[in-house]
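K.L.:
Below you will find the structure I want to go over with you.
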Amino acid sequence: MSDGPAAGDAVDVVIVGAGAAGLSLAHRLPDTASVVLVDAPAGPLRPPERTWCFWEEGPGEYDDAVSASWDLLRVRGADGRPAQGSAAPLRYKMLRSRAFEALVAERLRGRPAFRRVEAAVDAVRDLPGGGAEARGVAGDGRRIALRARWVFDSRPPRRLPPARTTLFQHFRGWFLRAERAAFEPGVADLMDFRVRQPDRGLSFGYVLPFGPREALVEYTEFTPALLDRDGYERALRHYTRDVLDLGAVRVPAVEQGVIPMTDAAFPRRAGTSVFRIGTAGGATRPATGYTFAAVSLRRRRPRGYRFALGRPPSSHIR
Ligand SMILES: Cc1cc2nc3c(=O)[nH]c(=O)nc-3n(C[C@H](O)[C@H](O)[C@H](O)COP(=O)(O)OP(=O)(O)OC[C@H]3O[C@@H](n4cnc5c(N)ncnc54)[C@H](O)[C@@H]3O)c2cc1C
């Protein structure tokens, strides 16, 4: 197996960040492109394992990593009344980020012109003579510079751009096992408003069942301020015990997250040869927080689509 481009070589593409957007882009680029994918070393910059859900019609190219899927979706009002429907021809699919990373890593393995690097990137900039570079600190403390014709940067923005409206979608979820059979494995509850509502914004329960006793149960708020850990735990206890009436539950794993919901503009172009991708490039839908489908799924190409590594970037990437 080749080690890919040697350190110091200028390559076609440097991708900063091996999350949903970075891995999807690396996977999508042609085998012939020389690519360096750089991700932060294990530590505070690297996010913990997450669950990504998305809608897709028919079989998809990441199905081998999908851990569950549903075609019946439900929303419950504050009075508990359900509205349920089929998503067909779509399915609501769930994959865990580690499974996605492993699948993509397997597919990239053996690409002769692909290389992975671990470094905390602290600067990405155009170069005066053309192309761009990403600079950072490698796992062993050395400073490195990665040069490319194009750099795609998915590092999360340090602060959100100014906006008329900024809410946060923030949540904590329990992967739980209930004592009694309490879930309908074929139905995903996208929003259950039987939870206590905050003074500003709204909150809901979210239930993705894997079996009659197992589910991911989340408490989510769309509000301007985050809760502390106890706040989420209290809300989850209330939802699972008093609303869902699950009785005693075991919680082998949890997940927690914050997704910005904002009408701010996220400029995708950060230089002549530098683009932002993923959440950093505005791929998160402000009204829902969904991002995965936008960065990962294959789309029908618009008429006139053309993006060749050797030519100036075409106008759709602005
Ligand atoms: C807990 C959680 C659950 C979510 N669930 C869903 C969902 O169900 N469906 C959905 O559509 N969206 C979901 N989202 C929103 C969105 O899909 C994810 O945030 C998604 O990971 C965004 O992809 P990304 O590539 O932009 O960022 P990330 O996946 O976060 O990738 C960023 C990468 O950059 C790397 N990085 C950061 N700083 C540096 C640095 N200085 N140098 C080098 N590398 C760096 C990180 O290690 C990381 O690998 C969820 C978000 C969270 C937090």
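Letters A, B, ... go to the chains of the structure tokens in the order shown; residues in each chain start at 1; ligands are counted from 1 in the same order.
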Using only C-alpha atoms and all ligand atoms, find each residue in chain A having at least one atom no more than 7 Å away from ligand 1; report its shortest atom-to-atom pair and that distance in Å (one decimal), rows by chain then rising number, as CSV.

P.N.:
residue,atom,partner,partner_atom_place_in_ligand_line,distance
A:Val16,CA,ligand 1,44 (N),5.5
A:Gly17,CA,ligand 1,34 (O),3.3
A:Ala18,CA,ligand 1,49 (O),4.1
A:Gly19,CA,ligand 1,31 (O),3.3
A:Ala20,CA,ligand 1,25 (O),3.9
A:Ala21,CA,ligand 1,25 (O),3.6
A:Gly22,CA,ligand 1,25 (O),5.5
A:Val38,CA,ligand 1,43 (C),5.9
A:Asp39,CA,ligand 1,44 (N),3.9
A:Ala40,CA,ligand 1,44 (N),3.9
A:Leu45,CA,ligand 1,38 (N),4.8
A:Arg46,CA,ligand 1,47 (O),3.5
A:Pro47,CA,ligand 1,47 (O),5.8
A:Arg50,CA,ligand 1,1 (C),4.8
A:Thr51,CA,ligand 1,5 (N),5.2
A:Trp52,CA,ligand 1,8 (O),3.5
A:Cys53,CA,ligand 1,8 (O),3.6
A:Phe54,CA,ligand 1,9 (N),5.6
A:Ala119,CA,ligand 1,43 (C),5.8
A:Ala120,CA,ligand 1,42 (N),3.7
A:Val121,CA,ligand 1,42 (N),3.7
A:Asp122,CA,ligand 1,41 (N),5.5
A:Ser154,CA,ligand 1,32 (C),5.4
A:Arg155,CA,ligand 1,37 (C),4.5
A:Pro156,CA,ligand 1,37 (C),6.1
A:Glu255,CA,ligand 1,1 (C),6.0
A:Gln256,CA,ligand 1,1 (C),5.1
A:Gly257,CA,ligand 1,1 (C),3.9
A:Val258,CA,ligand 1,53 (C),5.3
A:Ile259,CA,ligand 1,51 (C),5.8
A:Ile277,CA,ligand 1,26 (O),6.4
A:Gly278,CA,ligand 1,26 (O),3.3
A:Thr279,CA,ligand 1,26 (O),3.8
A:Ala280,CA,ligand 1,26 (O),5.8
A:Thr284,CA,ligand 1,16 (C),6.8
A:Gly289,CA,ligand 1,15 (C),6.0
A:Tyr290,CA,ligand 1,11 (O),3.4
A:Thr291,CA,ligand 1,11 (O),3.6
A:Phe292,CA,ligand 1,11 (O),3.7
A:Ala293,CA,ligand 1,11 (O),5.8

K.L.:
Between region 64-176 of chain A and region 55-60 of chain A, at 7 Å or less, what are the per-residue closest atom pairs and their distances in Å? Count only C-alpha atoms, order by chain and rising residue number, and return it as JSON lines.

P.N.:
{"residue": "A:Pro89", "atom": "CA", "partner": "A:Glu57", "partner_atom": "CA", "distance": 5.7}
{"residue": "A:Leu90", "atom": "CA", "partner": "A:Glu57", "partner_atom": "CA", "distance": 4.2}
{"residue": "A:Arg91", "atom": "CA", "partner": "A:Trp55", "partner_atom": "CA", "distance": 5.5}
{"residue": "A:Tyr92", "atom": "CA", "partner": "A:Trp55", "partner_atom": "CA", "distance": 4.5}
{"residue": "A:Lys93", "atom": "CA", "partner": "A:Trp55", "partner_atom": "CA", "distance": 6.1}

K.L.:
Keeping only C-alpha atoms, write the selected residues as a compact mmCIF listing (two decimals), in the first residue's frame.

P.N.:
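Written out: again_24.txt:
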# COMPACT_ATOMS: atom_id res chain seq x y z
CA PRO A 89 -40.22 6.79 -0.55
CA LEU A 90 -37.70 8.16 1.94
CA ARG A 91 -36.36 6.40 5.02
CA TYR A 92 -35.02 8.11 8.11
CA LYS A 93 -31.58 6.55 8.57

K.L.:
Could you give me, as a PyMOL selection string, each residue of region 181-296 of chain A that DSSP assigns to helix (DSSP H, G or I) when run on this structure's backbone?

P.N.:
chain A and resi 229-243+278-281+292-296

K.L.:
Residues at most 12 Å from Leu23 (chain A), counting only C-alpha atoms, excluding those fewer than 4 positions away in the same chain, as a ChimeraX atom specification?

P.N.:
/A:14-19,27-29,35-39,97-98,100-108,116,152-154,277-278,292,295-297

K.L.:
Skipping near chain neighbours, those fewer than 2 positions away, what residues fall within 10 Å of Ala265 (chain A) using only C-alpha atoms, listed as a ChimeraX atom specification?

P.N.:
/A:160-163,262-263,267-268,281-282

K.L.:
Take the residues from that selection and write them out as an mmCIF file, in the first residue's frame, keeping N, CA, C and O atoms.

P.N.:
data_model
loop_
_atom_site.group_PDB
_atom_site.id
_atom_site.type_symbol
_atom_site.label_atom_id
_atom_site.label_comp_id
_atom_site.auth_asym_id
_atom_site.auth_seq_id
_atom_site.Cartn_x
_atom_site.Cartn_y
_atom_site.Cartn_z
ATOM 1 N N LEU A 160 -19.845 32.659 15.940
ATOM 2 C CA LEU A 160 -20.834 32.675 14.868
ATOM 3 C C LEU A 160 -20.867 34.063 14.228
ATOM 4 O O LEU A 160 -20.717 35.063 14.936
ATOM 5 N N PRO A 161 -21.099 34.125 12.920
ATOM 6 C CA PRO A 161 -21.213 35.442 12.276
ATOM 7 C C PRO A 161 -22.446 36.180 12.814
ATOM 8 O O PRO A 161 -23.373 35.549 13.320
ATOM 9 N N PRO A 162 -22.456 37.540 12.700
ATOM 10 C CA PRO A 162 -23.616 38.294 13.176
ATOM 11 C C PRO A 162 -24.879 37.865 12.438
ATOM 12 O O PRO A 162 -24.815 37.478 11.265
ATOM 13 N N ALA A 163 -26.024 37.921 13.148
ATOM 14 C CA ALA A 163 -27.268 37.434 12.548
ATOM 15 C C ALA A 163 -28.440 38.158 13.169
ATOM 16 O O ALA A 163 -28.338 38.728 14.253
ATOM 17 N N THR A 262 -29.226 29.574 12.954
ATOM 18 C CA THR A 262 -29.033 31.008 12.742
ATOM 19 C C THR A 262 -29.249 31.373 11.278
ATOM 20 O O THR A 262 -28.980 30.560 10.392
ATOM 21 N N ASP A 263 -29.729 32.626 11.075
ATOM 22 C CA ASP A 263 -29.844 33.103 9.695
ATOM 23 C C ASP A 263 -28.572 33.842 9.266
ATOM 24 O O ASP A 263 -28.567 34.553 8.268
ATOM 25 N N PRO A 267 -19.814 32.668 4.797
ATOM 26 C CA PRO A 267 -19.155 32.711 3.490
ATOM 27 C C PRO A 267 -18.396 31.411 3.227
ATOM 28 O O PRO A 267 -17.660 30.938 4.102
ATOM 29 N N ARG A 268 -18.643 30.813 2.057
ATOM 30 C CA ARG A 268 -17.939 29.559 1.734
ATOM 31 C C ARG A 268 -16.545 29.823 1.212
ATOM 32 O O ARG A 268 -15.668 28.987 1.300
ATOM 33 N N GLY A 281 -19.109 26.105 6.582
ATOM 34 C CA GLY A 281 -19.454 26.699 5.292
ATOM 35 C C GLY A 281 -20.952 26.921 5.152
ATOM 36 O O GLY A 281 -21.445 27.109 4.038
ATOM 37 N N GLY A 282 -21.692 26.854 6.237
ATOM 38 C CA GLY A 282 -23.131 27.150 6.187
ATOM 39 C C GLY A 282 -23.996 25.976 5.757
ATOM 40 O O GLY A 282 -25.129 26.170 5.327
#

K.L.:
Nearest to Ala225 (chain A) among A:Arg96, A:Arg109, A:Arg76, A:His170, with distances taken over only C-alpha atoms: which residue is it?

P.N.:
A:His170

K.L.:
Would you give me, as number ranges by chain, the residues in region 207-241 of chain A that DSSP reads as strand (DSSP E)?

P.N.:
A: 207-209, 214-223

K.L.:
Using the selection just defined, write its residues with N, CA, C and O atoms as a JSON list (two decimals), in the first residue's frame.

P.N.:
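As written to disk, part_39.json reads:
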[["chain", "number", "residue", "atom", "x", "y", "z"],
["A", 207, "VAL", "N", -37.35, 10.26, 20.12],
["A", 207, "VAL", "CA", -37.17, 8.85, 20.48],
["A", 207, "VAL", "C", -36.90, 8.03, 19.21],
["A", 207, "VAL", "O", -37.74, 7.95, 18.31],
["A", 208, "LEU", "N", -35.71, 7.44, 19.16],
["A", 208, "LEU", "CA", -35.37, 6.56, 18.04],
["A", 208, "LEU", "C", -35.23, 5.15, 18.59],
["A", 208, "LEU", "O", -34.22, 4.80, 19.21],
["A", 209, "PRO", "N", -36.26, 4.31, 18.41],
["A", 209, "PRO", "CA", -36.23, 2.98, 19.00],
["A", 209, "PRO", "C", -35.43, 1.98, 18.14],
["A", 209, "PRO", "O", -35.48, 2.03, 16.92],
["A", 214, "GLU", "N", -35.14, -0.96, 23.67],
["A", 214, "GLU", "CA", -33.93, -0.14, 23.49],
["A", 214, "GLU", "C", -34.24, 1.06, 22.60],
["A", 214, "GLU", "O", -34.92, 0.92, 21.58],
["A", 215, "ALA", "N", -33.68, 2.20, 22.98],
["A", 215, "ALA", "CA", -33.89, 3.41, 22.16],
["A", 215, "ALA", "C", -32.84, 4.45, 22.50],
["A", 215, "ALA", "O", -32.22, 4.41, 23.56],
["A", 216, "LEU", "N", -32.68, 5.39, 21.56],
["A", 216, "LEU", "CA", -32.00, 6.65, 21.89],
["A", 216, "LEU", "C", -33.11, 7.63, 22.23],
["A", 216, "LEU", "O", -33.99, 7.90, 21.40],
["A", 217, "VAL", "N", -33.10, 8.13, 23.45],
["A", 217, "VAL", "CA", -34.13, 9.09, 23.90],
["A", 217, "VAL", "C", -33.44, 10.39, 24.22],
["A", 217, "VAL", "O", -32.53, 10.43, 25.06],
["A", 218, "GLU", "N", -33.83, 11.45, 23.52],
["A", 218, "GLU", "CA", -33.16, 12.74, 23.71],
["A", 218, "GLU", "C", -34.13, 13.79, 24.22],
["A", 218, "GLU", "O", -35.33, 13.76, 23.90],
["A", 219, "TYR", "N", -33.60, 14.73, 24.99],
["A", 219, "TYR", "CA", -34.32, 15.95, 25.34],
["A", 219, "TYR", "C", -33.63, 17.08, 24.60],
["A", 219, "TYR", "O", -32.40, 17.25, 24.69],
["A", 220, "THR", "N", -34.42, 17.85, 23.83],
["A", 220, "THR", "CA", -33.85, 18.90, 22.96],
["A", 220, "THR", "C", -34.52, 20.23, 23.23],
["A", 220, "THR", "O", -35.74, 20.28, 23.42],
["A", 221, "GLU", "N", -33.74, 21.28, 23.21],
["A", 221, "GLU", "CA", -34.30, 22.64, 23.25],
["A", 221, "GLU", "C", -33.83, 23.44, 22.03],
["A", 221, "GLU", "O", -32.69, 23.27, 21.58],
["A", 222, "PHE", "N", -34.69, 24.30, 21.53],
["A", 222, "PHE", "CA", -34.31, 25.35, 20.58],
["A", 222, "PHE", "C", -34.43, 26.65, 21.37],
["A", 222, "PHE", "O", -35.51, 27.23, 21.47],
["A", 223, "THR", "N", -33.37, 27.11, 21.98],
["A", 223, "THR", "CA", -33.43, 28.29, 22.86],
["A", 223, "THR", "C", -32.13, 29.10, 22.73],
["A", 223, "THR", "O", -31.14, 28.61, 22.17]]

K.L.:
Residues at most 9 Å from Ala78 (chain A), counting only C-alpha atoms, excluding those fewer than 4 positions away in the same chain, as an NGL selection string?

P.N.:
:A and (192-195)

K.L.:
So which residues touch Pro224 (chain A) within 9 Å, counting only C-alpha atoms, skipping near sequence neighbours fewer than 2 positions away, as a PyMOL selection string?

P.N.:
chain A and resi 166-169+200-201+222+226

K.L.:
Fewer than 2 positions away in the same chain doesn't count, so skip those; otherwise give me all residues within 7 Å of region 83-86 of chain A, counting only C-alpha atoms, as JSON, numbers by chain.

P.N.:
{"A": [71, 72, 73, 74, 75, 76, 81, 88]}

K.L.:
Could you save the residues just selected, with N, CA and C atoms, as an mmCIF file, in the first residue's frame?

P.N.:
data_model
loop_
_atom_site.group_PDB
_atom_site.id
_atom_site.type_symbol
_atom_site.label_atom_id
_atom_site.label_comp_id
_atom_site.auth_asym_id
_atom_site.auth_seq_id
_atom_site.Cartn_x
_atom_site.Cartn_y
_atom_site.Cartn_z
ATOM 1 N N ASP A 71 -39.388 4.100 8.595
ATOM 2 C CA ASP A 71 -40.128 4.814 7.569
ATOM 3 C C ASP A 71 -41.381 5.467 8.136
ATOM 4 N N LEU A 72 -41.763 5.114 9.392
ATOM 5 C CA LEU A 72 -42.893 5.793 10.031
ATOM 6 C C LEU A 72 -42.367 6.847 11.005
ATOM 7 N N LEU A 73 -42.883 8.042 10.863
ATOM 8 C CA LEU A 73 -42.431 9.162 11.690
ATOM 9 C C LEU A 73 -43.633 9.735 12.428
ATOM 10 N N ARG A 74 -43.378 10.227 13.645
ATOM 11 C CA ARG A 74 -44.494 10.706 14.460
ATOM 12 C C ARG A 74 -44.102 12.006 15.174
ATOM 13 N N VAL A 75 -45.099 12.863 15.338
ATOM 14 C CA VAL A 75 -44.951 14.066 16.159
ATOM 15 C C VAL A 75 -46.100 14.047 17.155
ATOM 16 N N ARG A 76 -45.842 14.406 18.428
ATOM 17 C CA ARG A 76 -46.917 14.451 19.430
ATOM 18 C C ARG A 76 -47.074 15.853 19.961
ATOM 19 N N ARG A 81 -51.507 13.929 21.662
ATOM 20 C CA ARG A 81 -52.139 13.426 20.440
ATOM 21 C C ARG A 81 -51.093 13.255 19.334
ATOM 22 N N ALA A 88 -42.176 7.411 3.156
ATOM 23 C CA ALA A 88 -41.907 6.780 1.860
ATOM 24 C C ALA A 88 -42.093 7.801 0.728
#

K.L.:
For each of A:Thr32, A:Asp79, A:Arg177, A:Leu127, take the minimum atom-to-atom distance to Arg111 (chain A), counting only C-alpha atoms, then give the residue where this is smallest.

P.N.:
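For Arg111 (chain A), the nearest of the given residues is A:Thr32.
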
K.L.:
For each of A:Leu25, A:Ala182, A:Val151, A:Val117, take the minimum atom-to-atom distance to Val137 (chain A), counting only C-alpha atoms, then give the residue where this is smallest.

P.N.:
A:Val117
